[in-house]
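Since the structure comes first, as structure tokens, the remarks are kept for the end.
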Amino acid sequence: MGKAKIDQAFNDVLKRGDKAFVPYIMAGDGGLDQLDEQLAFLEDAGATVVELGIAFSDPVADGPTIQEAGLRALANGVSLSAVLEKLKESKDERNLPIVLMTYINPIHTYGIGNFAKACAEAGIDGLIIPDLPLEEEGIIVPALQNNEIALIRLAALTSTDERLAEIGKRTEGFLYAVTVTGTTGVRSSFQENLGAHLESLREKSSVPVLAGFGVSNPEHVRSLTEHCDGVVVGSKIVDSLYKDDKAAIRELIASAHISSQK
Ligand SMILES: O=P(O)(O)OC[C@@H](O)[C@@H](O)c1c[nH]c2ccccc12
């Protein structure tokens with residue numbers, strides 16, 4: 001359970017010679033009653049871990065695709081507590097590790113101690129809190145440690161080397177290497193020195209380094225994973241799920257499974 005479950009999932013994939021693939025979906029996009037089925041589909045398609053987003057009224061890091069998915073989820077009446085309740089019900093039927101992505105505000109409203117406990121009870125293995133800076137994370141880290149929940153830190157392109165080293169040291173589960181400056185969303189290309197940046201993060205991190213933001217096709221997956229351990233894909237997955245294009249999702253995830261392609 002928890003952190004150890006994420007470590008194990010990455011270990012298995014990397015040992016086979018594959019790269020990790022972490023799809024992001026918005027909880028309750030399509031209705032919360034679809035969630036179990038969506039998670040089962042992603043597991044079957046070969047996802048390593050799933051990043052599950054909680055819709056929020058002020059999603060500062062989210063681009064248009066994720067924002068629209070958030071609006072659909074909110075229109076379906078989805079809330080943090082409803083998602084935790086739902087995950088708790090299906091906890092024992094799931095193998096796929098789950099990382100919850102939520103901003104700090106809903107966590108505050110829930111109450112930090114209660115939130116960490118509810119996450120553990122719901123079988124959540126890790127958290128991404130994009131608007132929680134290193135300097136502030138002391139408010140939640142002890143509660144997460146007590147419940148063995150990993151806190152995945154984000155490394156921005158604009159961070160200093162010193163800060164990246166600190167992030168690399170502290171992060172748990174994986175290091176989320178943000179590949180662009182700006183919000184989430186599909187992009188056509190990446191900046192030239194990104195490969196070198198990812199490799200330097202790999203030296204700084206004790207856990208796998210995954211590249212995310214703007215990854216949307218198999219070519220992106222192949223070129224980025226030459227320099228890191230895997231990818232996180234949000235907007236493209238959300239869009240394909242909304243259009244019910246499961247084949248596109250399978251193809252994208254399969255592009256990280258390089259051991260069978262050699
Ligand atoms: O959508 P993209 O460009 O593929 O990027 C992943 C991203 O959507 C997902 O990881 C995510 C959604 N919301 C976030 C907020 C902050 C950090 C990361 C995220």
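Chain labels follow the order of the structure tokens: the first chain is A, the next B, and so on; residue numbering restarts at 1 in every chain, and ligands are counted from 1 in their shown order.
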Sorted by chain and rising residue number, list the residues of chain A at most 7 Å from ligand 1 (counting only C-alpha atoms and all ligand atoms), each with its closest atom pair and distance in Å to one decimal, as CSV.
residue,atom,partner,partner_atom_place_in_ligand_line,distance
A:Tyr24,CA,ligand 1,9 (C),5.5
A:Glu51,CA,ligand 1,10 (O),6.8
A:Gly53,CA,ligand 1,12 (C),6.5
A:Ala61,CA,ligand 1,15 (C),4.8
A:Asp62,CA,ligand 1,13 (N),5.1
A:Ile66,CA,ligand 1,8 (O),6.4
A:Met101,CA,ligand 1,14 (C),6.8
A:Pro130,CA,ligand 1,16 (C),4.8
A:Thr184,CA,ligand 1,3 (O),3.7
A:Gly185,CA,ligand 1,3 (O),3.5
A:Val186,CA,ligand 1,3 (O),5.1
A:Gly212,CA,ligand 1,6 (C),5.3
A:Phe213,CA,ligand 1,5 (O),3.4
A:Gly214,CA,ligand 1,3 (O),3.7
A:Val215,CA,ligand 1,4 (O),5.2
A:Ser216,CA,ligand 1,4 (O),6.5
A:Val232,CA,ligand 1,6 (C),5.8
A:Val233,CA,ligand 1,4 (O),3.9
A:Gly234,CA,ligand 1,4 (O),3.4
A:Ser235,CA,ligand 1,1 (O),3.5
A:Lys236,CA,ligand 1,4 (O),6.0
Taking the backbone alone, and naming residues the way the document does, which bits of region 2-220 of chain A are strand (DSSP E) by DSSP, as JSON, numbers by chain? {"A": [20, 21, 22, 23, 24, 25, 26, 50, 51, 52, 53, 98, 99, 100, 101, 126, 127, 128, 150, 151, 153, 154, 155, 175, 176, 177, 178, 209, 210, 211, 212]}
Could those residues be written to a file, using N, CA and C atoms, as a short mmCIF file (atom, residue, chain, number, x, y, z; two decimals), in the first residue's frame?
data_model
loop_
_atom_site.label_atom_id
_atom_site.label_comp_id
_atom_site.auth_asym_id
_atom_site.auth_seq_id
_atom_site.Cartn_x
_atom_site.Cartn_y
_atom_site.Cartn_z
N ALA A 20 7.88 4.07 -17.84
CA ALA A 20 6.63 4.23 -17.10
C ALA A 20 5.67 5.16 -17.85
N PHE A 21 4.39 4.86 -17.74
CA PHE A 21 3.38 5.71 -18.36
C PHE A 21 2.31 6.03 -17.31
N VAL A 22 2.17 7.31 -17.00
CA VAL A 22 1.19 7.74 -16.01
C VAL A 22 0.12 8.60 -16.69
N PRO A 23 -1.05 8.02 -16.96
CA PRO A 23 -2.13 8.83 -17.53
C PRO A 23 -2.81 9.64 -16.44
N TYR A 24 -3.24 10.84 -16.80
CA TYR A 24 -4.02 11.68 -15.88
C TYR A 24 -5.47 11.65 -16.35
N ILE A 25 -6.39 11.44 -15.43
CA ILE A 25 -7.81 11.64 -15.76
C ILE A 25 -8.47 12.51 -14.69
N MET A 26 -9.54 13.16 -15.09
CA MET A 26 -10.29 14.01 -14.16
C MET A 26 -11.39 13.16 -13.52
N VAL A 50 -1.87 5.76 -11.99
CA VAL A 50 -2.80 6.75 -12.54
C VAL A 50 -2.75 8.02 -11.71
N GLU A 51 -2.76 9.17 -12.38
CA GLU A 51 -2.91 10.45 -11.70
C GLU A 51 -4.38 10.86 -11.83
N LEU A 52 -5.03 10.99 -10.68
CA LEU A 52 -6.46 11.28 -10.69
C LEU A 52 -6.69 12.71 -10.19
N GLY A 53 -7.27 13.53 -11.05
CA GLY A 53 -7.46 14.95 -10.72
C GLY A 53 -8.78 15.21 -10.02
N ILE A 98 -2.69 4.69 -7.25
CA ILE A 98 -3.38 5.95 -7.55
C ILE A 98 -2.69 7.12 -6.88
N VAL A 99 -2.42 8.15 -7.69
CA VAL A 99 -1.90 9.40 -7.18
C VAL A 99 -2.99 10.45 -7.37
N LEU A 100 -3.36 11.09 -6.30
CA LEU A 100 -4.41 12.11 -6.38
C LEU A 100 -3.77 13.47 -6.64
N MET A 101 -4.33 14.22 -7.59
CA MET A 101 -3.85 15.58 -7.87
C MET A 101 -4.92 16.56 -7.40
N GLY A 126 -0.38 8.15 -3.43
CA GLY A 126 0.46 9.35 -3.51
C GLY A 126 -0.37 10.57 -3.80
N LEU A 127 0.28 11.73 -3.66
CA LEU A 127 -0.39 13.01 -3.88
C LEU A 127 0.47 13.94 -4.70
N ILE A 128 -0.18 14.72 -5.57
CA ILE A 128 0.48 15.85 -6.23
C ILE A 128 -0.31 17.09 -5.83
N ALA A 150 2.92 8.90 -0.54
CA ALA A 150 4.04 9.61 -1.18
C ALA A 150 3.63 11.02 -1.57
N LEU A 151 4.52 11.98 -1.39
CA LEU A 151 4.29 13.33 -1.91
C LEU A 151 5.21 13.53 -3.11
N ARG A 153 6.86 15.60 -5.86
CA ARG A 153 7.19 17.01 -6.07
C ARG A 153 7.39 17.31 -7.54
N LEU A 154 7.06 18.55 -7.91
CA LEU A 154 7.21 19.01 -9.29
C LEU A 154 8.47 19.83 -9.43
N ALA A 155 9.23 19.57 -10.50
CA ALA A 155 10.42 20.35 -10.79
C ALA A 155 10.11 21.25 -11.98
N LEU A 175 9.75 11.86 -9.51
CA LEU A 175 9.95 13.30 -9.66
C LEU A 175 9.21 13.72 -10.92
N TYR A 176 8.32 14.66 -10.77
CA TYR A 176 7.52 15.14 -11.90
C TYR A 176 8.28 16.30 -12.54
N ALA A 177 8.90 16.02 -13.69
CA ALA A 177 9.67 17.05 -14.39
C ALA A 177 8.74 17.78 -15.37
N VAL A 178 8.42 19.00 -15.05
CA VAL A 178 7.55 19.78 -15.92
C VAL A 178 8.37 20.25 -17.12
N VAL A 209 12.38 9.67 -12.75
CA VAL A 209 12.02 11.00 -13.24
C VAL A 209 11.05 10.84 -14.41
N LEU A 210 9.89 11.45 -14.30
CA LEU A 210 8.88 11.39 -15.36
C LEU A 210 8.64 12.79 -15.92
N ALA A 211 8.57 12.86 -17.25
CA ALA A 211 8.34 14.15 -17.91
C ALA A 211 6.86 14.33 -18.18
N GLY A 212 6.33 15.50 -17.88
CA GLY A 212 4.92 15.76 -18.14
C GLY A 212 4.68 17.20 -18.54
#
Using only C-alpha atoms, what table do you get, as a Markdown table, when you list each residue of region 33-62 of chain A with an atom no more than 9 Å from region 253-257 of chain A, its nearest pair of atoms, and their distance in Å rounded to one decimal, rows by chain then rising number?
| residue | atom | partner | partner_atom | distance |
| --- | --- | --- | --- | --- |
| A:Leu42 | CA | A:Ile253 | CA | 8.9 |
| A:Ala45 | CA | A:Ile253 | CA | 6.8 |
| A:Gly46 | CA | A:Ile253 | CA | 6.4 |
| A:Ala47 | CA | A:Ile253 | CA | 6.6 |
Go ahead and write the residues just picked, C-alpha atoms, as a short mmCIF file (atom, residue, chain, number, x, y, z; two decimals), in the first residue's frame.
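Okay, this is what ended up in part-v1.cif:
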data_model
loop_
_atom_site.label_atom_id
_atom_site.label_comp_id
_atom_site.auth_asym_id
_atom_site.auth_seq_id
_atom_site.Cartn_x
_atom_site.Cartn_y
_atom_site.Cartn_z
CA LEU A 42 -6.18 2.19 -17.94
CA ALA A 45 -4.00 -0.72 -21.33
CA GLY A 46 -0.70 -0.87 -19.39
CA ALA A 47 -0.64 2.26 -17.22
#
For Ser205 (chain A): contacts at 8 Å, only C-alpha atoms, fewer than 5 positions along chain excluded, given as a PDB file with N, CA and C atoms, in the first residue's frame:
ATOM      1  N   ALA A 165      17.954  20.396  -6.775  1.00  0.00           N
ATOM      2  CA  ALA A 165      18.640  19.366  -5.985  1.00  0.00           C
ATOM      3  C   ALA A 165      17.810  19.035  -4.741  1.00  0.00           C
ATOM      4  N   ILE A 167      14.541  19.435  -4.378  1.00  0.00           N
ATOM      5  CA  ILE A 167      13.323  18.743  -4.830  1.00  0.00           C
ATOM      6  C   ILE A 167      13.635  17.277  -5.129  1.00  0.00           C
ATOM      7  N   GLY A 168      14.786  17.062  -5.803  1.00  0.00           N
ATOM      8  CA  GLY A 168      15.201  15.705  -6.149  1.00  0.00           C
ATOM      9  C   GLY A 168      15.433  14.845  -4.919  1.00  0.00           C
ATOM     10  N   LYS A 169      15.926  15.488  -3.859  1.00  0.00           N
ATOM     11  CA  LYS A 169      16.207  14.775  -2.612  1.00  0.00           C
ATOM     12  C   LYS A 169      14.897  14.428  -1.885  1.00  0.00           C
ATOM     13  N   THR A 171      11.611  14.406  -3.081  1.00  0.00           N
ATOM     14  CA  THR A 171      10.438  13.816  -3.730  1.00  0.00           C
ATOM     15  C   THR A 171      10.301  12.317  -3.450  1.00  0.00           C
ATOM     16  N   LEU A 175       9.751  11.861  -9.513  1.00  0.00           N
ATOM     17  CA  LEU A 175       9.952  13.295  -9.664  1.00  0.00           C
ATOM     18  C   LEU A 175       9.206  13.717 -10.919  1.00  0.00           C
TER      19      LEU A 175
END
Skipping near chain neighbours, those fewer than 6 positions away, what residues fall within 12 Å of Phe10 (chain A) using only C-alpha atoms, listed as a list in words?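 Returned residues: Lys3, Ala4, Arg16, Gly17, Asp18, Lys19, Ala20, Phe21, Val22, Ala47, Thr48, Val49, Leu96, Pro97, Glu172, Gly173, Phe174, Leu175, Val207, Pro208, Val209, Leu210, Asp229, Gly230 and Val231 of chain A.
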Just to be explicit: take each residue in the selection above, keep N, CA and C atoms, and write the result as a JSON list (two decimals), in the first residue's frame.
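Once everything was written out, this is out11.json:
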[["chain", "number", "residue", "atom", "x", "y", "z"],
["A", 3, "LYS", "N", 3.16, 4.48, -0.58],
["A", 3, "LYS", "CA", 4.43, 4.76, -1.23],
["A", 3, "LYS", "C", 5.08, 3.50, -1.79],
["A", 4, "ALA", "N", 5.09, 2.44, -1.00],
["A", 4, "ALA", "CA", 5.75, 1.19, -1.40],
["A", 4, "ALA", "C", 5.10, 0.61, -2.66],
["A", 16, "ARG", "N", 11.86, -4.51, -16.46],
["A", 16, "ARG", "CA", 11.57, -5.20, -17.73],
["A", 16, "ARG", "C", 12.19, -4.48, -18.92],
["A", 17, "GLY", "N", 12.70, -3.26, -18.72],
["A", 17, "GLY", "CA", 13.24, -2.49, -19.84],
["A", 17, "GLY", "C", 12.21, -1.59, -20.50],
["A", 18, "ASP", "N", 11.07, -1.42, -19.86],
["A", 18, "ASP", "CA", 10.05, -0.50, -20.39],
["A", 18, "ASP", "C", 10.16, 0.86, -19.71],
["A", 19, "LYS", "N", 9.38, 1.81, -20.19],
["A", 19, "LYS", "CA", 9.29, 3.11, -19.54],
["A", 19, "LYS", "C", 7.94, 3.22, -18.85],
["A", 20, "ALA", "N", 7.88, 4.07, -17.84],
["A", 20, "ALA", "CA", 6.63, 4.23, -17.10],
["A", 20, "ALA", "C", 5.67, 5.16, -17.85],
["A", 21, "PHE", "N", 4.39, 4.86, -17.74],
["A", 21, "PHE", "CA", 3.38, 5.71, -18.36],
["A", 21, "PHE", "C", 2.31, 6.03, -17.31],
["A", 22, "VAL", "N", 2.17, 7.31, -17.00],
["A", 22, "VAL", "CA", 1.19, 7.74, -16.01],
["A", 22, "VAL", "C", 0.12, 8.60, -16.69],
["A", 47, "ALA", "N", -1.09, 1.12, -18.03],
["A", 47, "ALA", "CA", -0.64, 2.26, -17.22],
["A", 47, "ALA", "C", 0.16, 1.74, -16.02],
["A", 48, "THR", "N", 1.17, 2.52, -15.61],
["A", 48, "THR", "CA", 1.99, 2.13, -14.46],
["A", 48, "THR", "C", 1.34, 2.59, -13.16],
["A", 49, "VAL", "N", 0.89, 3.83, -13.17],
["A", 49, "VAL", "CA", 0.25, 4.50, -12.03],
["A", 49, "VAL", "C", -0.78, 5.42, -12.68],
["A", 96, "LEU", "N", -3.91, -1.06, -9.57],
["A", 96, "LEU", "CA", -3.20, 0.10, -10.09],
["A", 96, "LEU", "C", -2.99, 1.15, -9.00],
["A", 97, "PRO", "N", -1.74, 1.57, -8.78],
["A", 97, "PRO", "CA", -1.51, 2.64, -7.79],
["A", 97, "PRO", "C", -2.17, 3.96, -8.22],
["A", 172, "GLU", "N", 9.08, 11.84, -3.45],
["A", 172, "GLU", "CA", 8.79, 10.43, -3.19],
["A", 172, "GLU", "C", 7.95, 9.88, -4.34],
["A", 173, "GLY", "N", 8.10, 8.57, -4.62],
["A", 173, "GLY", "CA", 7.32, 7.96, -5.71],
["A", 173, "GLY", "C", 8.00, 8.24, -7.04],
["A", 174, "PHE", "N", 7.91, 9.47, -7.49],
["A", 174, "PHE", "CA", 8.67, 9.89, -8.66],
["A", 174, "PHE", "C", 8.90, 11.39, -8.61],
["A", 175, "LEU", "N", 9.75, 11.86, -9.51],
["A", 175, "LEU", "CA", 9.95, 13.30, -9.66],
["A", 175, "LEU", "C", 9.21, 13.72, -10.92],
["A", 207, "VAL", "N", 14.54, 8.73, -7.06],
["A", 207, "VAL", "CA", 13.40, 7.97, -7.60],
["A", 207, "VAL", "C", 13.28, 8.27, -9.10],
["A", 208, "PRO", "N", 12.43, 7.52, -9.83],
["A", 208, "PRO", "CA", 12.31, 7.75, -11.28],
["A", 208, "PRO", "C", 11.90, 9.19, -11.62],
["A", 209, "VAL", "N", 12.38, 9.67, -12.75],
["A", 209, "VAL", "CA", 12.02, 11.00, -13.24],
["A", 209, "VAL", "C", 11.05, 10.84, -14.41],
["A", 210, "LEU", "N", 9.89, 11.45, -14.30],
["A", 210, "LEU", "CA", 8.88, 11.39, -15.36],
["A", 210, "LEU", "C", 8.64, 12.79, -15.92],
["A", 229, "ASP", "N", 12.68, 8.40, -17.20],
["A", 229, "ASP", "CA", 12.13, 7.07, -16.90],
["A", 229, "ASP", "C", 10.67, 6.87, -17.34],
["A", 230, "GLY", "N", 10.04, 7.93, -17.80],
["A", 230, "GLY", "CA", 8.65, 7.77, -18.23],
["A", 230, "GLY", "C", 7.98, 9.11, -18.45],
["A", 231, "VAL", "N", 6.69, 9.05, -18.72],
["A", 231, "VAL", "CA", 5.93, 10.28, -19.02],
["A", 231, "VAL", "C", 4.61, 10.31, -18.24]]
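In this comparison, which uses only C-alpha atoms, the residue of A:Asn217, A:Gln34, A:Ser79, A:Ser57 approaching Ala248 (chain A) most closely is A:Asn217.
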As a PyMOL selection string, please: all residues of region 27-182 of chain A that backbone DSSP puts in helix (DSSP H, G or I). chain A and resi 32-44+64-75+80-93+104-110+112-121+134-139+141-146+161-170
Excluding same-chain residues fewer than 2 positions from Ala75 (chain A), what lies within 12 Å of it counting only C-alpha atoms, as number ranges by chain? A: 28-32, 55-57, 68-73, 77-79
Give me, as a VMD selection string, all polymer residues having an atom no more than 8 Å from Gly195 (chain A), counting only C-alpha atoms and skipping those fewer than 6 positions away in the same chain. chain A and resid 224 226 to 227
